[in-house]
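Visitor: File structure33.pdb below, PDB, C-alpha atoms:
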ATOM      1  CA  MET L   1       1.271-119.070  21.652
ATOM      2  CA  LYS L   2       0.563-122.291  23.402
ATOM      3  CA  ASP L   3      -2.982-122.530  24.661
ATOM      4  CA  ASN L   4      -4.619-124.975  27.011
ATOM      5  CA  SER L   5      -7.601-126.566  25.304
ATOM      6  CA  SER L   6      -9.483-126.525  28.614
ATOM      7  CA  ALA L   7      -9.462-122.717  28.574
ATOM      8  CA  THR L   8     -11.875-122.399  25.667
ATOM      9  CA  LEU L   9     -14.096-119.861  27.402
ATOM     10  CA  LEU L  10     -11.278-117.453  28.179
ATOM     11  CA  ARG L  11      -9.762-117.858  24.734
ATOM     12  CA  SER L  12     -13.079-117.002  23.096
ATOM     13  CA  ALA L  13     -13.081-113.668  24.928
ATOM     14  CA  VAL L  14      -9.777-112.489  23.449
ATOM     15  CA  ILE L  15      -7.999-112.519  20.126
ATOM     16  CA  SER L  16      -4.333-112.253  19.250
ATOM     17  CA  PRO L  17      -3.739-109.771  16.456
ATOM     18  CA  ALA L  18      -0.596-111.699  15.675
ATOM     19  CA  SER L  19      -2.667-114.612  14.517
ATOM     20  CA  GLY L  20      -5.719-112.684  13.395
ATOM     21  CA  GLN L  21      -7.875-115.638  14.372
ATOM     22  CA  GLY L  22     -10.560-116.203  16.919
ATOM     23  CA  SER L  23     -14.284-116.478  17.221
ATOM     24  CA  SER L  24     -16.221-113.289  16.898
ATOM     25  CA  PRO L  25     -19.834-112.250  16.774
ATOM     26  CA  SER L  26     -21.416-112.318  13.346
ATOM     27  CA  GLY L  27     -21.984-109.101  11.482
ATOM     28  CA  PRO L  28     -19.769-106.599   9.692
ATOM     29  CA  ARG L  29     -19.719-104.162  12.615
ATOM     30  CA  ALA L  30     -18.714-106.621  15.339
ATOM     31  CA  GLY L  31     -15.375-104.875  15.854
ATOM     32  CA  VAL L  32     -17.110-101.540  16.340
ATOM     33  CA  TRP L  33     -19.427-102.960  18.980
ATOM     34  CA  TRP L  34     -16.561-104.613  20.876
ATOM     35  CA  GLY L  35     -14.605-101.349  20.693
ATOM     36  CA  LEU L  36     -17.608 -99.405  21.961
ATOM     37  CA  LEU L  37     -17.919-101.840  24.876
ATOM     38  CA  GLY L  38     -14.275-101.260  25.780
ATOM     39  CA  VAL L  39     -14.603 -97.480  25.589
ATOM     40  CA  ALA L  40     -17.782 -97.598  27.675
ATOM     41  CA  ALA L  41     -15.876 -99.574  30.316
ATOM     42  CA  PHE L  42     -13.015 -97.053  30.330
ATOM     43  CA  SER L  43     -15.375 -94.060  30.435
ATOM     44  CA  PHE L  44     -16.156 -94.750  34.104
ATOM     45  CA  THR L  45     -12.467 -94.561  35.086
ATOM     46  CA  VAL L  46     -12.289 -90.812  35.727
ATOM     47  CA  PRO L  47     -15.553 -90.433  37.711
ATOM     48  CA  PHE L  48     -14.918 -93.621  39.724
ATOM     49  CA  THR L  49     -11.397 -92.461  40.516
ATOM     50  CA  ARG L  50     -12.950 -89.249  41.809
ATOM     51  CA  VAL L  51     -15.230 -91.352  44.036
ATOM     52  CA  ALA L  52     -12.423 -93.575  45.297
ATOM     53  CA  VAL L  53     -10.033 -90.748  46.255
ATOM     54  CA  ALA L  54     -12.637 -89.437  48.697
ATOM     55  CA  GLY L  55     -11.919 -92.392  50.992
ATOM     56  CA  LEU L  56      -8.646 -93.932  49.825
ATOM     57  CA  SER L  57      -5.223 -92.396  49.310
ATOM     58  CA  PRO L  58      -4.087 -91.804  45.722
ATOM     59  CA  LEU L  59      -1.002 -93.939  46.399
ATOM     60  CA  PHE L  60      -3.149 -96.871  47.502
ATOM     61  CA  ILE L  61      -5.520 -96.494  44.542
ATOM     62  CA  GLY L  62      -2.740 -96.257  41.975
ATOM     63  CA  SER L  63      -0.817 -99.242  43.339
ATOM     64  CA  GLY L  64      -3.672-101.342  44.713
ATOM     65  CA  ARG L  65      -5.626-101.439  41.466
ATOM     66  CA  ALA L  66      -2.502-102.667  39.669
ATOM     67  CA  VAL L  67      -1.976-105.405  42.277
ATOM     68  CA  VAL L  68      -5.526-106.740  41.902
ATOM     69  CA  ALA L  69      -5.331-106.594  38.106
ATOM     70  CA  ALA L  70      -1.941-108.329  38.115
ATOM     71  CA  VAL L  71      -3.374-111.258  40.087
ATOM     72  CA  LEU L  72      -6.159-111.615  37.510
ATOM     73  CA  ALA L  73      -3.656-111.292  34.665
ATOM     74  CA  ALA L  74      -1.372-113.950  36.138
ATOM     75  CA  ALA L  75      -4.328-116.315  36.493
ATOM     76  CA  ALA L  76      -5.339-115.731  32.849
ATOM     77  CA  LEU L  77      -1.789-116.289  31.624
ATOM     78  CA  ALA L  78      -1.446-119.467  33.673
ATOM     79  CA  LEU L  79      -4.858-120.791  32.631
ATOM     80  CA  THR L  80      -4.040-120.398  28.939
ATOM     81  CA  ARG L  81      -0.423-121.538  29.421
ATOM     82  CA  GLN L  82       1.170-118.569  27.739
ATOM     83  CA  ARG L  83       4.898-118.831  27.101
ATOM     84  CA  LEU L  84       7.229-116.296  28.682
ATOM     85  CA  PRO L  85       8.125-113.420  26.346
ATOM     86  CA  GLU L  86      11.608-113.316  24.869
ATOM     87  CA  PRO L  87      14.220-111.559  27.067
ATOM     88  CA  ARG L  88      14.531-108.690  24.560
ATOM     89  CA  THR L  89      10.817-107.984  24.991
ATOM     90  CA  TRP L  90      10.857-107.228  28.712
ATOM     91  CA  ALA L  91      12.294-103.717  28.283
ATOM     92  CA  ARG L  92       9.419-102.842  25.945
ATOM     93  CA  LEU L  93       6.924-104.372  28.390
ATOM     94  CA  ALA L  94       8.447-102.169  31.091
ATOM     95  CA  LEU L  95       7.687 -99.136  28.911
ATOM     96  CA  VAL L  96       4.066-100.257  28.557
ATOM     97  CA  ALA L  97       3.812-100.896  32.296
ATOM     98  CA  GLY L  98       5.370 -97.535  33.099
ATOM     99  CA  GLY L  99       2.818 -95.773  30.933
ATOM    100  CA  VAL L 100      -0.529 -97.494  31.507
ATOM    101  CA  VAL L 101      -0.006 -99.449  34.743
ATOM    102  CA  VAL L 102       2.008 -96.914  36.746
ATOM    103  CA  GLY L 103       2.035 -93.439  35.183
ATOM    104  CA  PHE L 104      -1.569 -92.904  34.115
ATOM    105  CA  PRO L 105      -3.266 -94.405  37.221
ATOM    106  CA  PHE L 106      -1.020 -92.607  39.705
ATOM    107  CA  LEU L 107      -1.119 -89.207  38.035
ATOM    108  CA  THR L 108      -4.881 -89.248  37.508
ATOM    109  CA  SER L 109      -5.481 -90.453  41.078
ATOM    110  CA  TYR L 110      -3.523 -87.544  42.536
ATOM    111  CA  ALA L 111      -4.964 -85.015  40.069
ATOM    112  CA  LEU L 112      -8.560 -85.976  40.775
ATOM    113  CA  THR L 113      -8.165 -85.169  44.453
ATOM    114  CA  ALA L 114      -8.139 -81.526  43.381
ATOM    115  CA  VAL L 115     -10.234 -81.145  40.208
ATOM    116  CA  PRO L 116     -13.716 -82.401  39.212
ATOM    117  CA  ALA L 117     -14.087 -85.513  37.071
ATOM    118  CA  GLY L 118     -15.524 -83.496  34.167
ATOM    119  CA  HIS L 119     -12.475 -81.235  34.203
ATOM    120  CA  GLY L 120     -10.179 -84.260  34.118
ATOM    121  CA  ALA L 121     -12.128 -85.831  31.257
ATOM    122  CA  VAL L 122     -11.632 -82.762  29.047
ATOM    123  CA  VAL L 123      -7.846 -82.687  29.513
ATOM    124  CA  ILE L 124      -7.601 -86.460  29.018
ATOM    125  CA  ALA L 125      -9.574 -86.060  25.769
ATOM    126  CA  LEU L 126      -6.224 -85.185  24.234
ATOM    127  CA  LEU L 127      -5.181 -88.848  24.577
ATOM    128  CA  PRO L 128      -6.169 -90.126  21.069
ATOM    129  CA  ALA L 129      -4.149 -87.381  19.385
ATOM    130  CA  ALA L 130      -1.254 -87.859  21.803
ATOM    131  CA  THR L 131      -1.268 -91.590  21.112
ATOM    132  CA  ALA L 132      -1.190 -90.923  17.373
ATOM    133  CA  THR L 133       1.779 -88.608  17.888
ATOM    134  CA  ALA L 134       3.627 -91.182  19.991
ATOM    135  CA  ALA L 135       3.015 -93.802  17.309
ATOM    136  CA  VAL L 136       4.340 -91.450  14.622
ATOM    137  CA  LEU L 137       7.519 -90.802  16.598
ATOM    138  CA  ARG L 138       7.956 -94.443  17.543
ATOM    139  CA  THR L 139       7.567 -95.761  13.991
ATOM    140  CA  ARG L 140       9.353 -92.775  12.409
ATOM    141  CA  GLU L 141       6.441 -92.030  10.128
ATOM    142  CA  ARG L 142       6.354 -88.838   8.114
ATOM    143  CA  PRO L 143       2.783 -87.577   8.309
ATOM    144  CA  ARG L 144       1.708 -84.522   6.386
ATOM    145  CA  THR L 145       2.160 -81.100   7.981
ATOM    146  CA  LEU L 146      -1.567 -80.856   8.662
ATOM    147  CA  PHE L 147      -1.217 -83.616  11.280
ATOM    148  CA  TRP L 148       1.151 -81.495  13.356
ATOM    149  CA  VAL L 149      -1.059 -78.449  12.907
ATOM    150  CA  VAL L 150      -4.185 -80.115  14.304
ATOM    151  CA  MET L 151      -2.132 -81.824  17.022
ATOM    152  CA  ALA L 152      -0.791 -78.442  18.110
ATOM    153  CA  ALA L 153      -4.316 -77.001  17.991
ATOM    154  CA  GLY L 154      -5.587 -79.792  20.222
ATOM    155  CA  SER L 155      -2.780 -79.216  22.710
ATOM    156  CA  VAL L 156      -3.496 -75.492  22.772
ATOM    157  CA  ALA L 157      -7.206 -76.180  23.298
ATOM    158  CA  ALA L 158      -6.502 -78.496  26.247
ATOM    159  CA  VAL L 159      -4.083 -76.050  27.873
ATOM    160  CA  ALA L 160      -6.420 -73.103  27.237
ATOM    161  CA  PHE L 161      -9.264 -74.985  28.909
ATOM    162  CA  ALA L 162      -7.086 -75.730  31.932
ATOM    163  CA  VAL L 163      -5.982 -72.092  32.146
ATOM    164  CA  LEU L 164      -9.557 -70.751  31.909
ATOM    165  CA  GLN L 165     -10.765 -73.199  34.550
ATOM    166  CA  SER L 166      -7.899 -72.194  36.840
ATOM    167  CA  GLY L 167      -8.518 -68.449  36.532
ATOM    168  CA  GLY L 168      -5.504 -67.485  34.423
ATOM    169  CA  PRO L 169      -1.988 -68.662  33.527
ATOM    170  CA  ALA L 170      -0.618 -67.709  36.931
ATOM    171  CA  GLN L 171      -3.259 -69.867  38.601
ATOM    172  CA  LEU L 172      -2.746 -72.983  36.468
ATOM    173  CA  HIS L 173      -3.489 -75.866  38.800
ATOM    174  CA  TRP L 174      -0.827 -78.455  39.556
ATOM    175  CA  ALA L 175      -3.482 -81.091  38.881
ATOM    176  CA  ASP L 176      -3.636 -80.000  35.235
ATOM    177  CA  LEU L 177       0.070 -80.666  34.863
ATOM    178  CA  MET L 178      -0.479 -84.125  36.316
ATOM    179  CA  LEU L 179      -3.342 -84.773  33.902
ATOM    180  CA  LEU L 180      -1.182 -83.734  30.963
ATOM    181  CA  GLY L 181       1.556 -85.998  32.309
ATOM    182  CA  ALA L 182      -0.965 -88.825  32.532
ATOM    183  CA  VAL L 183      -1.890 -88.274  28.878
ATOM    184  CA  LEU L 184       1.785 -88.438  27.914
ATOM    185  CA  CYS L 185       2.331 -91.644  29.905
ATOM    186  CA  ALA L 186      -0.724 -93.365  28.461
ATOM    187  CA  ALA L 187       0.139 -92.279  24.909
ATOM    188  CA  VAL L 188       3.605 -93.816  25.133
ATOM    189  CA  GLY L 189       2.222 -96.972  26.734
ATOM    190  CA  TYR L 190      -0.549 -97.345  24.138
ATOM    191  CA  ALA L 191       1.789 -96.754  21.190
ATOM    192  CA  GLU L 192       4.416 -99.224  22.376
ATOM    193  CA  GLY L 193       1.747-101.689  23.473
ATOM    194  CA  GLY L 194       0.104-101.527  20.063
ATOM    195  CA  LEU L 195       3.376-102.503  18.396
ATOM    196  CA  LEU L 196       4.168-105.165  20.961
ATOM    197  CA  ALA L 197       0.699-106.708  20.634
ATOM    198  CA  ARG L 198       1.609-107.792  17.109
ATOM    199  CA  GLU L 199       4.211-110.087  18.638
ATOM    200  CA  LEU L 200       2.688-111.196  21.948
ATOM    201  CA  GLY L 201      -1.021-110.820  21.255
ATOM    202  CA  SER L 202      -3.320-108.048  22.419
ATOM    203  CA  TRP L 203      -4.520-108.998  25.885
ATOM    204  CA  GLN L 204      -1.276-110.866  26.575
ATOM    205  CA  THR L 205       0.637-107.585  26.271
ATOM    206  CA  ILE L 206      -1.284-105.819  29.046
ATOM    207  CA  ALA L 207      -1.286-109.011  31.124
ATOM    208  CA  TRP L 208       2.509-109.377  31.011
ATOM    209  CA  ALA L 209       2.908-105.642  31.706
ATOM    210  CA  LEU L 210       0.754-106.028  34.822
ATOM    211  CA  VAL L 211       2.737-109.060  35.994
ATOM    212  CA  LEU L 212       6.001-107.182  35.446
ATOM    213  CA  ALA L 213       4.764-104.234  37.534
ATOM    214  CA  PHE L 214       3.400-106.447  40.318
ATOM    215  CA  PRO L 215       6.413-106.457  42.751
ATOM    216  CA  PRO L 216       6.896-102.672  42.999
ATOM    217  CA  MET L 217       3.130-102.056  42.993
ATOM    218  CA  LEU L 218       2.657-104.542  45.840
ATOM    219  CA  ALA L 219       5.385-102.831  47.841
ATOM    220  CA  LEU L 220       3.794 -99.419  47.278
ATOM    221  CA  ALA L 221       0.350-100.742  48.211
ATOM    222  CA  VAL L 222       1.701-102.089  51.500
ATOM    223  CA  ILE L 223       3.464 -98.797  52.225
ATOM    224  CA  ALA L 224       0.308 -96.845  51.407
ATOM    225  CA  ALA L 225      -1.868 -99.059  53.612
ATOM    226  CA  ALA L 226       0.592 -98.802  56.497
ATOM    227  CA  GLY L 227       0.957 -95.031  56.234
ATOM    228  CA  GLN L 228      -2.758 -94.346  55.807
ATOM    229  CA  PRO L 229      -4.907 -97.382  56.645
ATOM    230  CA  PRO L 230      -7.742 -97.616  54.098
ATOM    231  CA  SER L 231     -11.014 -96.345  55.488
ATOM    232  CA  ALA L 232     -13.668 -96.136  52.822
ATOM    233  CA  THR L 233     -17.385 -96.569  52.412
ATOM    234  CA  PRO L 234     -18.803 -99.527  50.456
ATOM    235  CA  VAL L 235     -19.416 -97.217  47.503
ATOM    236  CA  GLN L 236     -15.800 -96.061  47.520
ATOM    237  CA  TRP L 237     -14.561 -99.656  47.748
ATOM    238  CA  GLY L 238     -16.885-100.513  44.868
ATOM    239  CA  ALA L 239     -15.346 -97.737  42.779
ATOM    240  CA  PHE L 240     -11.866 -99.050  43.611
ATOM    241  CA  ALA L 241     -12.909-102.580  42.624
ATOM    242  CA  TYR L 242     -14.147-101.295  39.274
ATOM    243  CA  LEU L 243     -10.867 -99.487  38.639
ATOM    244  CA  ALA L 244      -8.888-102.638  39.431
ATOM    245  CA  VAL L 245     -10.966-105.290  37.683
ATOM    246  CA  VAL L 246     -12.494-103.422  34.725
ATOM    247  CA  SER L 247     -10.456-100.275  34.010
ATOM    248  CA  MET L 248      -7.101-101.962  34.527
ATOM    249  CA  PHE L 249      -7.844-105.400  33.078
ATOM    250  CA  LEU L 250     -11.191-106.559  31.668
ATOM    251  CA  GLY L 251     -11.808-103.380  29.687
ATOM    252  CA  PHE L 252      -8.731-104.180  27.611
ATOM    253  CA  PHE L 253     -10.276-107.505  26.576
ATOM    254  CA  ALA L 254     -13.169-105.815  24.773
ATOM    255  CA  TRP L 255     -11.074-102.901  23.490
ATOM    256  CA  TYR L 256      -8.297-105.024  22.022
ATOM    257  CA  ARG L 257     -10.760-107.540  20.613
ATOM    258  CA  GLY L 258     -12.524-104.737  18.775
ATOM    259  CA  LEU L 259      -9.192-103.547  17.348
ATOM    260  CA  ALA L 260      -8.332-107.116  16.339
ATOM    261  CA  ILE L 261     -11.636-107.677  14.511
ATOM    262  CA  GLY L 262     -11.417-104.234  12.927
ATOM    263  CA  PRO L 263     -11.471-102.297  10.822
ATOM    264  CA  MET L 264      -8.825-100.898  13.184
ATOM    265  CA  ALA L 265      -8.939 -97.342  11.804
ATOM    266  CA  GLN L 266     -12.691 -97.158  12.403
ATOM    267  CA  VAL L 267     -12.641 -98.863  15.794
ATOM    268  CA  SER L 268      -9.801 -96.708  17.148
ATOM    269  CA  GLN L 269     -11.815 -93.529  16.558
ATOM    270  CA  ILE L 270     -14.496 -94.737  18.974
ATOM    271  CA  GLN L 271     -12.116 -93.627  21.736
ATOM    272  CA  LEU L 272     -13.164 -90.069  20.925
ATOM    273  CA  LEU L 273     -16.487 -90.850  22.618
ATOM    274  CA  GLN L 274     -14.803 -91.616  25.937
ATOM    275  CA  PRO L 275     -14.473 -88.034  27.284
ATOM    276  CA  VAL L 276     -18.092 -87.302  26.335
ATOM    277  CA  MET L 277     -19.244 -90.367  28.260
ATOM    278  CA  SER L 278     -17.011 -89.491  31.232
ATOM    279  CA  ILE L 279     -18.463 -85.982  31.444
ATOM    280  CA  CYS L 280     -21.986 -87.415  31.312
ATOM    281  CA  TRP L 281     -21.228 -89.947  34.067
ATOM    282  CA  ALA L 282     -19.687 -87.209  36.205
ATOM    283  CA  ALA L 283     -22.884 -85.190  35.874
ATOM    284  CA  LEU L 284     -25.255 -88.115  36.433
ATOM    285  CA  LEU L 285     -23.372 -90.027  39.149
ATOM    286  CA  LEU L 286     -21.502 -87.251  40.953
ATOM    287  CA  GLY L 287     -23.866 -84.343  40.353
ATOM    288  CA  GLU L 288     -21.132 -82.220  38.798
ATOM    289  CA  ALA L 289     -22.343 -79.174  36.908
ATOM    290  CA  VAL L 290     -21.580 -79.206  33.196
ATOM    291  CA  THR L 291     -20.510 -75.630  32.442
ATOM    292  CA  TRP L 292     -20.206 -73.988  29.040
ATOM    293  CA  THR L 293     -16.446 -73.922  29.511
ATOM    294  CA  THR L 294     -16.416 -77.685  29.982
ATOM    295  CA  LEU L 295     -18.630 -78.248  26.948
ATOM    296  CA  LEU L 296     -16.675 -75.935  24.665
ATOM    297  CA  GLY L 297     -13.336 -77.219  25.904
ATOM    298  CA  GLY L 298     -14.417 -80.818  25.426
ATOM    299  CA  VAL L 299     -15.745 -80.206  21.916
ATOM    300  CA  ALA L 300     -12.585 -78.351  20.855
ATOM    301  CA  VAL L 301     -10.203 -81.013  22.159
ATOM    302  CA  ILE L 302     -12.267 -83.906  20.768
ATOM    303  CA  LEU L 303     -12.541 -82.305  17.319
ATOM    304  CA  CYS L 304      -8.795 -81.699  17.178
ATOM    305  CA  ALA L 305      -8.039 -85.222  18.392
ATOM    306  CA  GLY L 306     -10.380 -86.689  15.795
ATOM    307  CA  ALA L 307      -8.797 -84.585  13.056
ATOM    308  CA  ALA L 308      -5.303 -85.695  14.091
ATOM    309  CA  VAL L 309      -6.311 -89.366  13.958
ATOM    310  CA  ARG L 310      -7.964 -88.965  10.548
ATOM    311  CA  VAL L 311      -5.107 -86.971   9.029
ATOM    312  CA  ARG L 312      -2.588 -89.540  10.173
ATOM    313  CA  GLN L 313      -4.521 -92.239   8.306
ATOM    314  CA  LEU L 314      -4.315 -90.325   5.008
ATOM    315  CA  PRO L 315      -1.512 -91.278   2.625
ATOM    316  CA  SER L 316       1.475 -88.949   2.732
TER     317      SER L 316
END
What would you get if you wrote out this structure as structure tokens?
Guide:
Amino acid sequence: MKDNSSATLLRSAVISPASGQGSSPSGPRAGVWWGLLGVAAFSFTVPFTRVAVAGLSPLFIGSGRAVVAAVLAAAALALTRQRLPEPRTWARLALVAGGVVVGFPFLTSYALTAVPAGHGAVVIALLPAATATAAVLRTRERPRTLFWVVMAAGSVAAVAFAVLQSGGPAQLHWADLMLLGAVLCAAVGYAEGGLLARELGSWQTIAWALVLAFPPMLALAVIAAAGQPPSATPVQWGAFAYLAVVSMFLGFFAWYRGLAIGPMAQVSQIQLLQPVMSICWAALLLGEAVTWTTLLGGVAVILCAGAAVRVRQLPS
């Protein structure tokens, strides 16, 4: 990568795993702290999406946050004079963009118009295990049978929670299907992005994915604004700003830096804290009641996700 020497400040905030170099805080647990910072940033995504959809359309939120983040990403890429990726890389970037820039934000935005933030956080807790599964399929690994057992258990736990919350299988809410779809989209995007980051660099991968998605997201944002002119309170606009600037862009800086400093296996498991934090924020900021079903469902899914991640790391 070709960097502009005048962009020292920005460069110090990110690290390319491809090079494995960069300044980092002193201490053996620096990667863990950076990873925790990234997860803390992402943990507000679900409750703030719930706030934003009260005044803005899901279409505007899903597309508008990507537009704002893409502008920031383009500025960062230009400031550091990043070279354009190779032509063969753009298809893989499109897969990343489809998963984490388009699929996850849109599906969660629509789903959270109908279900509480705590409910959404429990279903999305399946993401670490789903990401591990996507990585296994993408790299054609052969994990031990126990991996598939705990992955299946986690999936059953997430679906069972959704069914119980909905009042039975016949009453399974359409929002739960969207949340599960969001998990699938993000898992594919994370897995492919993790591989691609070895070639492009960590933050550069999400930045190029945002730039690639910019034209269609801008068009959708204009359509959404024309069809339903945004009319939100300052708090709702603040939640949207957080989703655009932090959840879609800056949060990746801390998260990917933590993974780059490592140890990656240890840092990646910090993501299991995210649903717990999201449920707490939903209770504290939105006043949502934390029921026993939510607690038990969250614990079951998180334990299964953690087991899947750990089993995958064991030698075959």
Visitor: At what distance in Å, to one decimal, does CA of Leu196 (chain L) lie from CA of Trp90 (chain L)?
Guide: 10.4 Å
Visitor: When you count all atoms listed in the file, which of these residues is closest to Val39 (chain L): L:Leu295, L:Leu272, L:Val71, L:Leu286?
Guide: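 With all atoms listed in the file as the atom set, the closest residue is L:Leu272.
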Visitor: Applied to the shown file, which residues does the PyMOL selection byres ((chain L and resi 122-128) around 10) return, written as JSON, numbers by chain?
Guide: {"L": [46, 108, 117, 118, 119, 120, 121, 129, 130, 131, 132, 133, 134, 151, 154, 155, 157, 158, 159, 160, 161, 162, 176, 177, 179, 180, 181, 182, 183, 184, 185, 186, 187, 190, 268, 269, 270, 271, 272, 273, 274, 275, 276, 278, 279, 294, 295, 296, 297, 298, 299, 300, 301, 302, 303, 304, 305, 306, 308, 309]}
Visitor: Dump C-alpha atoms for the selected residues as a short mmCIF file (atom, residue, chain, number, x, y, z; two decimals), in the coordinates of the input?
Guide:
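Result file result-v5.cif:
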data_model
loop_
_atom_site.label_atom_id
_atom_site.label_comp_id
_atom_site.auth_asym_id
_atom_site.auth_seq_id
_atom_site.Cartn_x
_atom_site.Cartn_y
_atom_site.Cartn_z
CA VAL L 46 -12.29 -90.81 35.73
CA THR L 108 -4.88 -89.25 37.51
CA ALA L 117 -14.09 -85.51 37.07
CA GLY L 118 -15.52 -83.50 34.17
CA HIS L 119 -12.48 -81.24 34.20
CA GLY L 120 -10.18 -84.26 34.12
CA ALA L 121 -12.13 -85.83 31.26
CA ALA L 129 -4.15 -87.38 19.39
CA ALA L 130 -1.25 -87.86 21.80
CA THR L 131 -1.27 -91.59 21.11
CA ALA L 132 -1.19 -90.92 17.37
CA THR L 133 1.78 -88.61 17.89
CA ALA L 134 3.63 -91.18 19.99
CA MET L 151 -2.13 -81.82 17.02
CA GLY L 154 -5.59 -79.79 20.22
CA SER L 155 -2.78 -79.22 22.71
CA ALA L 157 -7.21 -76.18 23.30
CA ALA L 158 -6.50 -78.50 26.25
CA VAL L 159 -4.08 -76.05 27.87
CA ALA L 160 -6.42 -73.10 27.24
CA PHE L 161 -9.26 -74.98 28.91
CA ALA L 162 -7.09 -75.73 31.93
CA ASP L 176 -3.64 -80.00 35.24
CA LEU L 177 0.07 -80.67 34.86
CA LEU L 179 -3.34 -84.77 33.90
CA LEU L 180 -1.18 -83.73 30.96
CA GLY L 181 1.56 -86.00 32.31
CA ALA L 182 -0.96 -88.82 32.53
CA VAL L 183 -1.89 -88.27 28.88
CA LEU L 184 1.78 -88.44 27.91
CA CYS L 185 2.33 -91.64 29.90
CA ALA L 186 -0.72 -93.36 28.46
CA ALA L 187 0.14 -92.28 24.91
CA TYR L 190 -0.55 -97.34 24.14
CA SER L 268 -9.80 -96.71 17.15
CA GLN L 269 -11.82 -93.53 16.56
CA ILE L 270 -14.50 -94.74 18.97
CA GLN L 271 -12.12 -93.63 21.74
CA LEU L 272 -13.16 -90.07 20.92
CA LEU L 273 -16.49 -90.85 22.62
CA GLN L 274 -14.80 -91.62 25.94
CA PRO L 275 -14.47 -88.03 27.28
CA VAL L 276 -18.09 -87.30 26.34
CA SER L 278 -17.01 -89.49 31.23
CA ILE L 279 -18.46 -85.98 31.44
CA THR L 294 -16.42 -77.68 29.98
CA LEU L 295 -18.63 -78.25 26.95
CA LEU L 296 -16.68 -75.94 24.66
CA GLY L 297 -13.34 -77.22 25.90
CA GLY L 298 -14.42 -80.82 25.43
CA VAL L 299 -15.74 -80.21 21.92
CA ALA L 300 -12.58 -78.35 20.86
CA VAL L 301 -10.20 -81.01 22.16
CA ILE L 302 -12.27 -83.91 20.77
CA LEU L 303 -12.54 -82.30 17.32
CA CYS L 304 -8.80 -81.70 17.18
CA ALA L 305 -8.04 -85.22 18.39
CA GLY L 306 -10.38 -86.69 15.80
CA ALA L 308 -5.30 -85.70 14.09
CA VAL L 309 -6.31 -89.37 13.96
#
Visitor: So what do you get for CA of Leu37 (chain L) versus CA of Met248 (chain L), distance-wise?
Guide: 14.5 Å
Visitor: Between CA of Ala66 (chain L) and CA of Val102 (chain L), what is the distance in Å, rounded to a tenth?
Guide: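 So the answer is 7.9 Å.
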Visitor: Find the residues near Pro58 (chain L): any atom within 8 Å, counting all atoms listed in the file, skip ones fewer than 3 places away on the same chain, and give them as a PyMOL selection string.
Guide: chain L and resi 53+61-62+106+109-110+113
Visitor: Taking the file above as input, evaluate the PyMOL selection byres ((chain L and resi 250) around 12) and report the hits as a ChimeraX atom specification.
Guide: /L:10,13-14,37-42,68-70,72-73,76,203-204,206-207,241-249,251-257
Visitor: With all atoms listed in the file as the basis for distance, which of L:Ser202, L:Ala213, L:Arg142, L:Trp237 is at the shortest distance from Ile261 (chain L)?
Guide: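 Closest to Ile261 (chain L), using all atoms listed in the file: L:Ser202.
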Visitor: Compile the contact shell of region 135-141 of chain L as a list in words: residues with an atom at most 8 Å away, counting all atoms listed in the file, same-chain residues fewer than 5 positions apart removed.
Guide: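 So the residues in contact are Val188, Ala191 and Glu192 of chain L.
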Visitor: Those residues you just picked out, can you put them in a file as a PDB file, in the frame of the given file with C-alpha atoms?
Guide:
ATOM      1  CA  VAL L 188       3.605 -93.816  25.133  1.00  0.00           C
ATOM      2  CA  ALA L 191       1.789 -96.754  21.190  1.00  0.00           C
ATOM      3  CA  GLU L 192       4.416 -99.224  22.376  1.00  0.00           C
TER       4      GLU L 192
END
